[in-house]
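Q: Take a look at query-v2.txt, compact mmCIF, C-alpha atoms:
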# COMPACT_ATOMS: atom_id res chain seq x y z
CA MET A 5 281.87 -19.04 111.75
CA SER A 6 284.36 -18.86 108.91
CA PRO A 7 283.65 -16.50 105.99
CA VAL A 8 283.50 -19.53 103.67
CA SER A 9 280.67 -21.24 105.56
CA TYR A 10 278.89 -17.87 105.86
CA ILE A 11 279.00 -17.44 102.07
CA PHE A 12 278.09 -21.09 101.55
CA GLY A 13 274.88 -20.70 103.60
CA ILE A 14 273.79 -17.64 101.63
CA VAL A 15 274.61 -19.19 98.24
CA ALA A 16 272.65 -22.35 99.08
CA ALA A 17 269.59 -20.36 100.15
CA VAL A 18 269.72 -18.09 97.08
CA LEU A 19 270.10 -21.12 94.81
CA ALA A 20 267.06 -22.82 96.37
CA LEU A 21 264.97 -19.65 96.05
CA ALA A 22 266.13 -19.11 92.46
CA VAL A 23 265.03 -22.61 91.45
CA VAL A 24 261.60 -22.15 93.04
CA ILE A 25 261.10 -18.73 91.42
CA GLU A 26 262.27 -19.97 88.03
CA LEU A 27 259.80 -22.90 88.17
CA LEU A 28 257.04 -20.50 89.15
CA ARG A 29 257.99 -18.17 86.31
CA ARG A 30 257.77 -21.01 83.78
CA HIS A 31 254.44 -22.25 85.15
CA SER A 32 256.07 -25.53 86.11
CA LEU A 33 254.99 -25.02 89.70
CA ARG A 34 251.73 -23.60 90.96
CA GLU A 35 251.69 -20.97 93.69
CA ARG A 36 249.85 -23.13 96.18
CA HIS A 37 252.45 -25.86 95.83
CA ALA A 38 255.34 -23.42 95.92
CA ILE A 39 254.32 -21.65 99.12
CA TRP A 40 256.16 -23.99 101.51
CA TRP A 41 259.30 -23.99 99.36
CA LEU A 42 259.25 -20.19 99.25
CA VAL A 43 258.85 -20.01 103.03
CA ALA A 44 261.78 -22.43 103.47
CA GLY A 45 263.95 -20.52 101.01
CA VAL A 46 263.27 -17.14 102.59
CA LEU A 47 263.91 -18.51 106.10
CA ALA A 48 267.19 -20.04 104.94
CA LEU A 49 268.24 -16.77 103.34
CA VAL A 50 267.40 -14.71 106.45
CA VAL A 51 269.28 -17.11 108.71
CA GLY A 52 272.16 -17.26 106.22
CA VAL A 53 272.58 -13.48 106.04
CA PHE A 54 271.89 -12.78 109.73
CA PRO A 55 273.00 -15.82 111.77
CA GLY A 56 272.09 -13.81 114.84
CA THR A 57 268.40 -14.31 114.14
CA LEU A 58 268.83 -18.06 114.53
CA VAL A 59 270.55 -17.69 117.90
CA TRP A 60 267.88 -15.19 118.98
CA ALA A 61 264.98 -17.46 117.91
CA ALA A 62 266.58 -20.49 119.53
CA GLY A 63 267.00 -18.56 122.77
CA LEU A 64 263.40 -17.40 122.60
CA LEU A 65 262.14 -20.98 122.23
CA GLY A 66 264.58 -22.41 124.77
CA VAL A 67 266.44 -24.51 122.22
CA GLU A 68 269.95 -24.97 123.60
CA VAL A 69 271.74 -25.78 120.34
CA PRO A 70 270.55 -23.32 117.64
CA THR A 71 271.34 -25.83 114.86
CA ASN A 72 268.64 -28.11 116.29
CA LEU A 73 266.09 -25.40 115.56
CA VAL A 74 267.20 -25.50 111.92
CA PHE A 75 266.62 -29.27 111.83
CA PHE A 76 263.26 -28.96 113.56
CA VAL A 77 261.95 -26.30 111.19
CA SER A 78 263.28 -28.18 108.13
CA ILE A 79 261.60 -31.41 109.15
CA ALA A 80 258.37 -29.61 109.98
CA ILE A 81 258.28 -27.96 106.56
CA LEU A 82 259.03 -31.26 104.78
CA PHE A 83 256.27 -32.90 106.82
CA PHE A 84 253.72 -30.32 105.73
CA VAL A 85 254.78 -30.54 102.10
CA CYS A 86 254.37 -34.34 102.22
CA LEU A 87 250.97 -34.05 103.82
CA GLN A 88 249.86 -31.49 101.27
CA HIS A 89 250.95 -33.80 98.46
CA SER A 90 248.98 -36.71 99.93
CA ALA A 91 245.89 -34.53 100.15
CA GLU A 92 246.38 -33.29 96.59
CA LEU A 93 246.75 -36.89 95.43
CA THR A 94 243.42 -37.75 96.98
CA VAL A 95 241.75 -34.82 95.25
CA LEU A 96 243.30 -35.84 91.93
CA GLU A 97 242.17 -39.44 92.40
CA SER A 98 238.60 -38.39 92.99
CA LYS A 99 238.73 -36.19 89.90
CA THR A 100 240.09 -39.05 87.78
CA ARG A 101 237.31 -41.21 89.15
CA VAL A 102 234.68 -38.75 87.96
CA LEU A 103 236.36 -38.59 84.54
CA ALA A 104 236.51 -42.38 84.29
CA GLU A 105 232.81 -42.66 85.12
CA GLN A 106 231.96 -39.95 82.63
CA SER A 107 234.00 -41.51 79.85
CA ALA A 108 232.38 -44.92 80.47
CA LEU A 109 228.87 -43.46 80.40
CA LEU A 110 229.60 -41.33 77.32
CA GLU A 111 231.01 -44.32 75.49
CA LEU A 112 227.90 -46.30 76.31
CA ARG A 113 225.75 -43.45 75.03
CA ILE A 114 227.69 -43.17 71.77
CA ARG A 115 227.32 -46.92 71.25
CA GLN A 116 223.57 -46.66 71.83
CA LEU A 117 223.25 -43.72 69.42
CA GLU A 118 225.26 -45.56 66.77
CA ASN A 119 223.07 -48.62 67.15
CA ASP A 120 219.95 -46.48 66.87
CA ARG A 121 221.27 -44.83 63.72
CA GLN A 122 222.31 -48.10 62.16
CA SER A 123 218.90 -49.62 62.75
CA ALA A 124 217.25 -46.45 61.41
CA ASP A 125 219.45 -46.60 58.28
CA GLY A 126 218.68 -50.28 57.91
CA SER A 127 214.93 -49.77 58.03
CA SER A 128 215.01 -46.81 55.57
CA SER A 129 217.13 -48.66 53.00
CA THR A 130 214.79 -51.65 52.96
CA GLN A 131 211.86 -49.44 52.04
CA MET B 4 203.10 -58.41 88.83
CA HIS B 5 206.00 -56.05 89.22
CA THR B 6 205.56 -53.10 86.94
CA ARG B 7 208.34 -51.77 89.09
CA LEU B 8 210.78 -53.89 87.12
CA ASP B 9 210.42 -51.54 84.13
CA SER B 10 211.95 -48.69 86.06
CA THR B 11 214.50 -50.87 87.78
CA LEU B 12 218.12 -51.03 86.75
CA ILE B 13 220.18 -54.06 87.71
CA VAL B 14 223.77 -52.90 88.10
CA MET B 15 226.47 -55.55 87.94
CA PRO B 16 230.00 -54.50 88.73
CA ALA B 17 232.25 -56.93 86.86
CA PHE B 18 236.00 -57.32 87.02
CA ASN B 19 237.36 -60.13 84.85
CA GLU B 20 234.18 -62.18 85.02
CA GLU B 21 234.02 -63.42 81.41
CA ALA B 22 233.37 -66.96 82.65
CA SER B 23 230.19 -66.19 84.56
CA VAL B 24 228.82 -62.83 83.43
CA ALA B 25 226.79 -64.02 80.40
CA GLU B 26 225.12 -66.76 82.40
CA VAL B 27 224.19 -64.38 85.22
CA ILE B 28 222.73 -61.83 82.78
CA ALA B 29 220.71 -64.54 81.04
CA GLU B 30 219.34 -65.69 84.41
CA VAL B 31 218.46 -62.13 85.45
CA LEU B 32 216.68 -61.38 82.17
CA ALA B 33 214.79 -64.68 82.33
CA LYS B 34 213.66 -64.33 85.93
CA LEU B 35 212.95 -60.59 85.86
CA PRO B 36 211.11 -59.73 82.63
CA GLY B 37 211.22 -56.04 81.69
CA VAL B 38 214.25 -55.21 83.77
CA SER B 39 217.29 -53.38 82.36
CA VAL B 40 220.75 -54.68 83.09
CA LEU B 41 223.83 -52.47 83.19
CA VAL B 42 227.15 -54.24 83.49
CA VAL B 43 229.90 -51.92 84.67
CA ASP B 44 233.11 -53.43 83.40
CA ASP B 45 235.58 -52.31 86.03
CA GLY B 46 238.72 -52.18 83.91
CA SER B 47 238.69 -55.87 83.03
CA SER B 48 241.49 -57.25 80.87
CA ASP B 49 239.38 -60.12 79.54
CA ALA B 50 236.29 -60.33 77.34
CA THR B 51 233.81 -59.40 80.10
CA ALA B 52 232.41 -56.42 78.16
CA SER B 53 231.76 -58.25 74.88
CA ARG B 54 230.32 -61.31 76.65
CA ALA B 55 227.94 -59.04 78.55
CA ARG B 56 226.95 -57.17 75.39
CA GLU B 57 226.21 -60.42 73.57
CA ALA B 58 224.08 -61.51 76.51
CA GLY B 59 221.87 -58.46 76.08
CA ALA B 60 223.11 -56.11 78.78
CA LEU B 61 224.08 -52.47 78.52
CA VAL B 62 227.78 -52.22 79.18
CA ALA B 63 229.70 -49.25 80.57
CA VAL B 64 233.43 -49.82 80.35
CA LEU B 65 235.56 -48.04 82.93
CA PRO B 66 239.02 -47.24 81.52
CA PHE B 67 240.73 -48.65 84.63
CA ASN B 68 239.81 -50.47 87.80
CA LEU B 69 237.96 -48.33 90.33
CA GLY B 70 236.71 -51.02 92.68
CA VAL B 71 233.12 -52.06 93.38
CA GLY B 72 232.24 -48.65 94.83
CA GLY B 73 233.51 -46.81 91.76
CA ALA B 74 231.65 -49.12 89.42
CA MET B 75 228.46 -48.73 91.46
CA ARG B 76 228.59 -44.95 91.43
CA ALA B 77 228.84 -45.04 87.65
CA GLY B 78 225.77 -47.29 87.74
CA PHE B 79 223.85 -44.90 89.99
CA LYS B 80 224.75 -41.99 87.69
CA PHE B 81 223.51 -43.92 84.68
CA ALA B 82 220.26 -44.71 86.50
CA LEU B 83 219.76 -41.07 87.43
CA GLU B 84 220.48 -39.78 83.91
CA ASN B 85 218.24 -42.35 82.27
CA GLY B 86 215.23 -42.12 84.52
CA PHE B 87 215.47 -45.36 86.49
CA ASP B 88 213.86 -45.09 89.95
CA THR B 89 215.43 -48.12 91.49
CA VAL B 90 218.87 -49.70 91.36
CA VAL B 91 219.58 -53.24 92.45
CA GLN B 92 223.17 -54.34 92.77
CA VAL B 93 223.76 -57.94 91.71
CA ASP B 94 227.18 -59.56 91.67
CA SER B 95 228.36 -60.85 88.33
CA ASP B 96 229.80 -64.05 89.83
CA GLY B 97 226.39 -65.62 90.33
CA GLN B 98 226.48 -65.35 94.13
CA HIS B 99 223.20 -63.44 94.25
CA ASP B 100 220.00 -65.19 93.23
CA PRO B 101 217.91 -62.95 90.94
CA SER B 102 214.69 -64.56 92.20
CA SER B 103 215.20 -62.56 95.42
CA VAL B 104 215.06 -59.24 93.56
CA PRO B 105 211.23 -58.88 93.64
CA ALA B 106 211.33 -59.34 97.42
CA LEU B 107 213.97 -56.60 97.69
CA LEU B 108 211.85 -54.31 95.50
CA ASP B 109 208.72 -54.97 97.57
CA ALA B 110 210.61 -54.04 100.72
CA LEU B 111 211.49 -50.69 99.11
CA ASP B 112 207.88 -49.59 99.66
CA GLY B 113 208.69 -48.68 103.24
CA ALA B 114 212.38 -47.94 102.85
CA ASP B 115 215.00 -46.19 100.73
CA LEU B 116 217.66 -48.86 100.93
CA VAL B 117 217.06 -52.58 101.32
CA LEU B 118 219.84 -55.04 102.10
CA GLY B 119 219.63 -58.68 101.18
CA ALA B 120 221.14 -60.33 104.23
CA ARG B 121 222.89 -63.65 104.16
CA PHE B 122 222.55 -64.60 107.81
CA ALA B 123 218.93 -63.71 108.34
CA GLY B 124 217.56 -67.22 108.00
CA ALA B 125 217.54 -68.13 104.33
CA GLY B 126 220.17 -70.07 102.41
CA GLU B 127 223.21 -72.02 103.46
CA TYR B 128 225.93 -69.38 103.31
CA LYS B 129 228.27 -69.70 106.29
CA VAL B 130 231.22 -67.66 107.47
CA GLY B 131 233.06 -68.79 110.58
CA GLY B 132 235.86 -67.71 112.91
CA PRO B 133 237.27 -64.24 113.46
CA ARG B 134 235.79 -62.90 110.25
CA HIS B 135 232.37 -63.82 111.55
CA TRP B 136 232.99 -61.99 114.83
CA ALA B 137 234.17 -58.96 112.88
CA MET B 138 230.93 -58.96 110.94
CA VAL B 139 228.88 -59.30 114.14
CA VAL B 140 230.62 -56.32 115.74
CA LEU B 141 230.14 -54.22 112.61
CA ALA B 142 226.50 -55.23 112.37
CA SER B 143 225.74 -54.23 115.96
CA ILE B 144 227.34 -50.80 115.57
CA LEU B 145 225.68 -50.15 112.24
CA SER B 146 222.30 -51.35 113.52
CA ARG B 147 222.44 -48.69 116.20
CA THR B 148 223.44 -46.04 113.66
CA ALA B 149 220.76 -47.02 111.18
CA HIS B 150 218.00 -47.51 113.78
CA THR B 151 217.11 -50.91 112.38
CA GLU B 152 218.34 -54.43 112.91
CA LEU B 153 221.10 -55.28 110.45
CA THR B 154 222.93 -58.57 110.58
CA ASP B 155 224.86 -58.59 107.33
CA THR B 156 226.31 -55.16 106.67
CA THR B 157 228.81 -56.26 104.03
CA SER B 158 226.22 -57.78 101.73
CA GLY B 159 226.50 -56.36 98.21
CA PHE B 160 223.01 -57.56 97.31
CA ARG B 161 220.99 -54.38 97.87
CA ALA B 162 218.19 -52.35 96.34
CA SER B 163 218.16 -48.54 96.35
CA GLY B 164 215.01 -46.46 95.99
CA PRO B 165 214.82 -43.06 94.24
CA ARG B 166 216.15 -41.07 97.18
CA ALA B 167 219.06 -43.45 97.65
CA VAL B 168 219.86 -43.40 93.91
CA ARG B 169 220.07 -39.60 93.97
CA LEU B 170 222.31 -39.66 97.03
CA PHE B 171 224.59 -42.45 95.82
CA ALA B 172 225.03 -40.99 92.32
CA LYS B 173 226.92 -38.24 94.10
CA HIS B 174 228.34 -39.88 97.20
CA TYR B 175 229.33 -43.48 96.81
CA PRO B 176 232.66 -44.34 98.34
CA ALA B 177 235.27 -46.11 96.22
CA GLU B 178 237.53 -47.26 99.03
CA TYR B 179 237.80 -50.89 100.04
CA LEU B 180 234.77 -51.71 102.23
CA GLY B 181 233.52 -48.18 101.62
CA ASP B 182 230.91 -49.42 99.18
CA THR B 183 229.28 -51.61 101.80
CA ILE B 184 229.94 -50.15 105.23
CA GLU B 185 230.45 -46.48 104.54
CA ALA B 186 227.54 -46.38 102.12
CA LEU B 187 225.27 -47.46 104.98
CA VAL B 188 226.52 -44.66 107.19
CA ILE B 189 226.11 -42.14 104.35
CA ALA B 190 222.54 -43.32 103.85
CA THR B 191 221.82 -43.02 107.58
CA ARG B 192 223.27 -39.57 107.80
CA ALA B 193 221.20 -38.44 104.82
CA LYS B 194 218.19 -39.70 106.82
CA LEU B 195 217.32 -42.52 104.46
CA VAL B 196 215.33 -45.48 105.81
CA ILE B 197 217.26 -48.75 105.74
CA ARG B 198 215.72 -52.22 105.93
CA GLN B 199 217.07 -55.71 105.73
CA ILE B 200 215.39 -58.81 104.40
CA PRO B 201 216.70 -62.37 104.35
CA VAL B 202 217.89 -63.72 101.01
CA ALA B 203 219.39 -67.01 99.97
CA MET B 204 222.97 -66.65 98.84
CA ARG B 205 224.73 -69.15 96.65
CA VAL B 206 228.29 -70.26 97.19
CA ARG B 207 230.65 -68.17 95.16
CA ALA B 208 231.86 -69.82 91.98
CA GLY B 209 235.54 -69.22 92.71
CA GLY B 210 237.32 -68.34 95.93
CA VAL B 211 236.75 -69.52 99.47
CA PRO B 212 236.18 -67.07 102.35
CA SER B 213 239.45 -66.56 104.18
CA HIS B 214 239.99 -68.08 107.62
CA ASN B 215 243.44 -66.65 108.11
CA PRO B 216 243.32 -64.82 111.49
CA LEU B 217 245.82 -62.19 110.30
CA LYS B 218 243.69 -61.39 107.29
CA SER B 219 240.61 -61.29 109.49
CA ALA B 220 242.32 -58.85 111.83
CA ALA B 221 243.32 -56.66 108.89
CA TYR B 222 239.75 -56.87 107.63
CA LEU B 223 238.35 -55.78 110.98
CA ALA B 224 240.87 -52.95 111.24
CA ARG B 225 240.05 -51.63 107.78
CA ALA B 226 236.34 -52.02 108.36
CA GLY B 227 236.68 -50.23 111.71
CA MET B 228 238.57 -47.41 110.07
CA ALA B 229 236.01 -47.10 107.26
CA LEU B 230 233.27 -47.02 109.87
CA THR B 231 234.96 -44.53 112.20
CA PHE B 232 235.74 -42.03 109.47
CA ALA B 233 232.30 -42.39 107.96
CA LEU B 234 230.82 -41.54 111.37
CA ILE B 235 233.01 -38.50 112.04
CA ARG B 236 232.70 -36.81 108.64
CA PRO B 237 231.69 -33.16 108.94
CA ARG B 238 227.99 -32.44 109.12
CA GLY B 239 226.51 -31.35 105.83
CA THR B 240 228.82 -33.58 103.77
CA PHE B 241 225.82 -35.60 102.74
CA LEU B 242 222.94 -33.23 102.22
CA PRO B 243 219.51 -34.84 102.35
CA ALA B 244 218.49 -36.05 98.94
CA VAL B 245 216.58 -33.28 97.19
CA GLU B 246 213.29 -34.08 95.54
CA VAL B 247 213.64 -33.60 91.76
CA LYS B 248 210.48 -33.11 89.74
CA PRO B 249 210.66 -34.93 86.43
Output the structure of this file as C-alpha cells.
A:
Amino acid sequence: MSPVSYIFGIVAAVLALAVVIELLRRHSLRERHAIWWLVAGVLALVVGVFPGTLVWAAGLLGVEVPTNLVFFVSIAILFFVCLQHSAELTVLESKTRVLAEQSALLELRIRQLENDRQSADGSSSTQ
Amino acid sequence: MHTRLDSTLIVMPAFNEEASVAEVIAEVLAKLPGVSVLVVDDGSSDATASRAREAGALVAVLPFNLGVGGAMRAGFKFALENGFDTVVQVDSDGQHDPSSVPALLDALDGADLVLGARFAGAGEYKVGGPRHWAMVVLASILSRTAHTELTDTTSGFRASGPRAVRLFAKHYPAEYLGDTIEALVIATRAKLVIRQIPVAMRVRAGGVPSHNPLKSAAYLARAGMALTFALIRPRGTFLPAVEVKP
C-alpha cells in the first residue's frame, strides 16, 4: 500500500465521522439514527489506521480477498440503515394518522360548539 | 321499534362522493329515524363535506386521504367519545341498503360484530371469475379463524357492538384490505363474537368489478398477505376489550 492511499483511507474515515458528529452536535441527527453511521465511521477509521486488522478479520472469517470483507460489511450496514428508515417511516405514518383523526374530530367539535353558541346567542337576542 | 337506533352511529367513509352522498344520507335518515350519521370525509377534493353537512350529517374532515380503514377508525373514536354503543358502516356510494340496518342491529344481540354478506342469499350482487375464487378461499380461512360461517369477508356493510367499538377505536388497520380482512382477525383474536347475516346489495353507482386476471391475482396476493400478517401478529397486540363503566 502506498503512503498516499494509506492517508486517503484515514482522511475519508475521519471526514465521515466528523460529518456525523457535527450533525449530532447541531441536533440535526438523533442518536438512534446516527448509531449505524458512527459504527461505520469508527470501523473505517480503525481499518484505515491499522490495515492489519482487516487482513486479520478476513483470515478469521475465511474471506480470501480482504477487500471483499469491506464490501460485505458496508452493504450490511447500508441494509440495516435502510430497514431502520422503513420502520421509522411506518411509525411516523401511524403517528400522522392519529393526528389526522384528532384534527378531524376536533374540527367537528369546534363546529358543533360554534353552532351551539350561535343558536344560544340567537335565542337570547330575540328575547 | 328500535330504541337502539338512538345510540347507533352510522359511519360513512366518503372520498369524492359529492354526487351520491346527500342522497344516501337522506335515505338513511328517512329509513332509520333517530339515528346519527357521521360522514368521514377522507381527504376529498370535491364538495363532499358541504353536501353531507347540508343533508344533515355530522362531518369529520380528514386533512388527507387515509383510506377506508383510517376513516373508520376516526368514526369509531367519535362513537366512543360521544357515547354511541353501536357503529354501522354504510358506504356513501349507495351500495348498501339502509333498510338492512335494523336486521344487522338485531343480530348484534348475540354478537359483537355482524357482517352484512352479499352472497348469503339475498340480492342480485354477483362477482365472477378469479376474484370470486379469491373471496371463497379467504372466506373459508376466515370462517375457521372466527369459528363461524362467513361467506363474504370483504363486505364493508357491518355493525359493531360496544366491545367491538372499543377495540376498533384503538386498532383498526388502515392498509388496503386491512379494514375488511385484518379487522376480522383482530376481532377474533380479541375474542369477539362474529356473525354474518344476508343482506341485499345494490349495484354500485360507478365502477364495475374487475375481471382482469392479473388484478385478481394481485388482489389475492395482497389479501393473503394481509391475512397472514394479521394471523402471526404477536400475542397481546390486541388486548381483550376492557369493560368501561359509564
Q: Give me the chain B side of the contact with chain A, cut-off 12 Å, one line per residue showing its nearest atom pair and distance in Å at one decimal, counting all atoms listed in the file, sorted by chain and residue number, as CSV.
A:
residue,atom,partner,partner_atom,distance
B:Leu41,CA,A:Leu112,CA,10.1
B:Val42,CA,A:Leu112,CA,10.7
B:Val43,CA,A:Ala108,CA,8.5
B:Asp44,CA,A:Ala108,CA,9.0
B:Asp45,CA,A:Ala108,CA,9.8
B:Gly46,CA,A:Ala104,CA,10.1
B:Ala52,CA,A:Leu112,CA,11.2
B:Arg56,CA,A:Leu112,CA,11.0
B:Ala60,CA,A:Leu112,CA,11.2
B:Leu61,CA,A:Leu112,CA,7.6
B:Val62,CA,A:Leu112,CA,6.6
B:Ala63,CA,A:Ala108,CA,5.1
B:Val64,CA,A:Ala108,CA,5.0
B:Leu65,CA,A:Ala108,CA,5.1
B:Pro66,CA,A:Ala104,CA,6.1
B:Phe67,CA,A:Ala104,CA,7.6
B:Asn68,CA,A:Ala104,CA,9.4
B:Leu69,CA,A:Arg101,CA,7.2
B:Gly70,CA,A:Arg101,CA,10.4
B:Gly72,CA,A:Arg101,CA,10.6
B:Gly73,CA,A:Arg101,CA,7.3
B:Ala74,CA,A:Glu105,CA,7.8
B:Met75,CA,A:Glu105,CA,9.8
B:Arg76,CA,A:Glu105,CA,7.9
B:Ala77,CA,A:Glu105,CA,5.3
B:Gly78,CA,A:Glu105,CA,8.8
B:Phe79,CA,A:Glu105,CA,10.4
B:Lys80,CA,A:Glu105,CA,8.5
B:Phe81,CA,A:Leu109,CA,6.9
B:Ala82,CA,A:Leu109,CA,10.6
B:Leu83,CA,A:Leu109,CA,11.8
B:Glu84,CA,A:Leu109,CA,9.8
B:Asn85,CA,A:Arg113,CA,10.5
B:Ala172,CA,A:Glu105,CA,10.7
B:Lys173,CA,A:Val102,CA,9.9
B:His174,CA,A:Ser98,CA,11.2
B:Tyr175,CA,A:Ser98,CA,11.2
B:Pro176,CA,A:Ser98,CA,10.0
B:Ala177,CA,A:Arg101,CA,8.8
B:Glu178,CA,A:Ser98,CA,10.8
Q: Closest to Glu152 of chain B among B:Arg198, B:Arg169, B:Arg54, B:Arg192, using all atoms listed in the file?
A: B:Arg198
Q: Have a look at B:Ser39, B:Gln98, B:Gln92, B:Ser146 and name the one nearest to Arg121 of chain B; count all atoms listed in the file.
A: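 Using all atoms listed in the file, the shortest distance to Arg121 of chain B belongs to B:Gln98.
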Q: Could you please determine the separation between atom CA of Leu217 of chain B and atom CA of Val71 of chain B in Å, to one decimal place?
A: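 We find that atom CA of Leu217 of chain B and atom CA of Val71 of chain B lie 23.5 Å from each other.
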Q: Kindly extract all protein, DNA and RNA residues lying within 10 Å of the coordinates (227.9, -59.4, 106.7) given in the file, considering all atoms listed in the file, and supply them as a VMD selection string.
A: chain B and resid 119 to 122 130 134 to 142 153 to 159 183 to 184
Q: Just how far from atom CA of Thr89 of chain B is atom CA of Val188 of chain B, in Å to one decimal?
A: 19.5 Å
Q: What's the separation between atom CA of Ile200 of chain B and atom CA of Ala55 of chain B, in Å to one decimal place?
A: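 Between atom CA of Ile200 of chain B and atom CA of Ala55 of chain B the gap works out to 28.7 Å.
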Q: Quick one: residues within 7 Å of Leu58 of chain A, all atoms listed in the file counted, chain neighbours fewer than 4 positions away excluded, as a list in words?
A: Val51, Ala62 and Pro70 of chain A
Q: As a ChimeraX atom specification, please: the residues near Trp60 of chain A (cut-off 12 Å, all atoms listed in the file, same-chain neighbours under 3 positions excluded).
A: /A:51,54-57,63-71,73
Q: Which residues are near Val46 of chain A? Cut-off 10 Å, all atoms listed in the file, ignore same chain within fewer than 4 positions. Put them as an NGL selection string.
A: :A and (17-18 or 20-21 or 40-42 or 50-52)
Q: Just need the box for segment 49-63 of chain B, edges along x, y and z, holding every atom the file lists for it with 6 Å tacked onto each side, so centre and edge lengths in Å to one decimal, as lines of an AutoDock Vina configuration file.
A:
center_x = 230.6
center_y = -55.4
center_z = 77.1
size_x = 29.5
size_y = 24.3
size_z = 19.0
Q: So which one's closest to Ile14 of chain A, A:Ala44, A:Val53, A:Arg30, A:Val77? Using all atoms listed in the file, please.
A: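 Once distances to Ile14 of chain A are computed over all atoms listed in the file, the minimum belongs to A:Val53.
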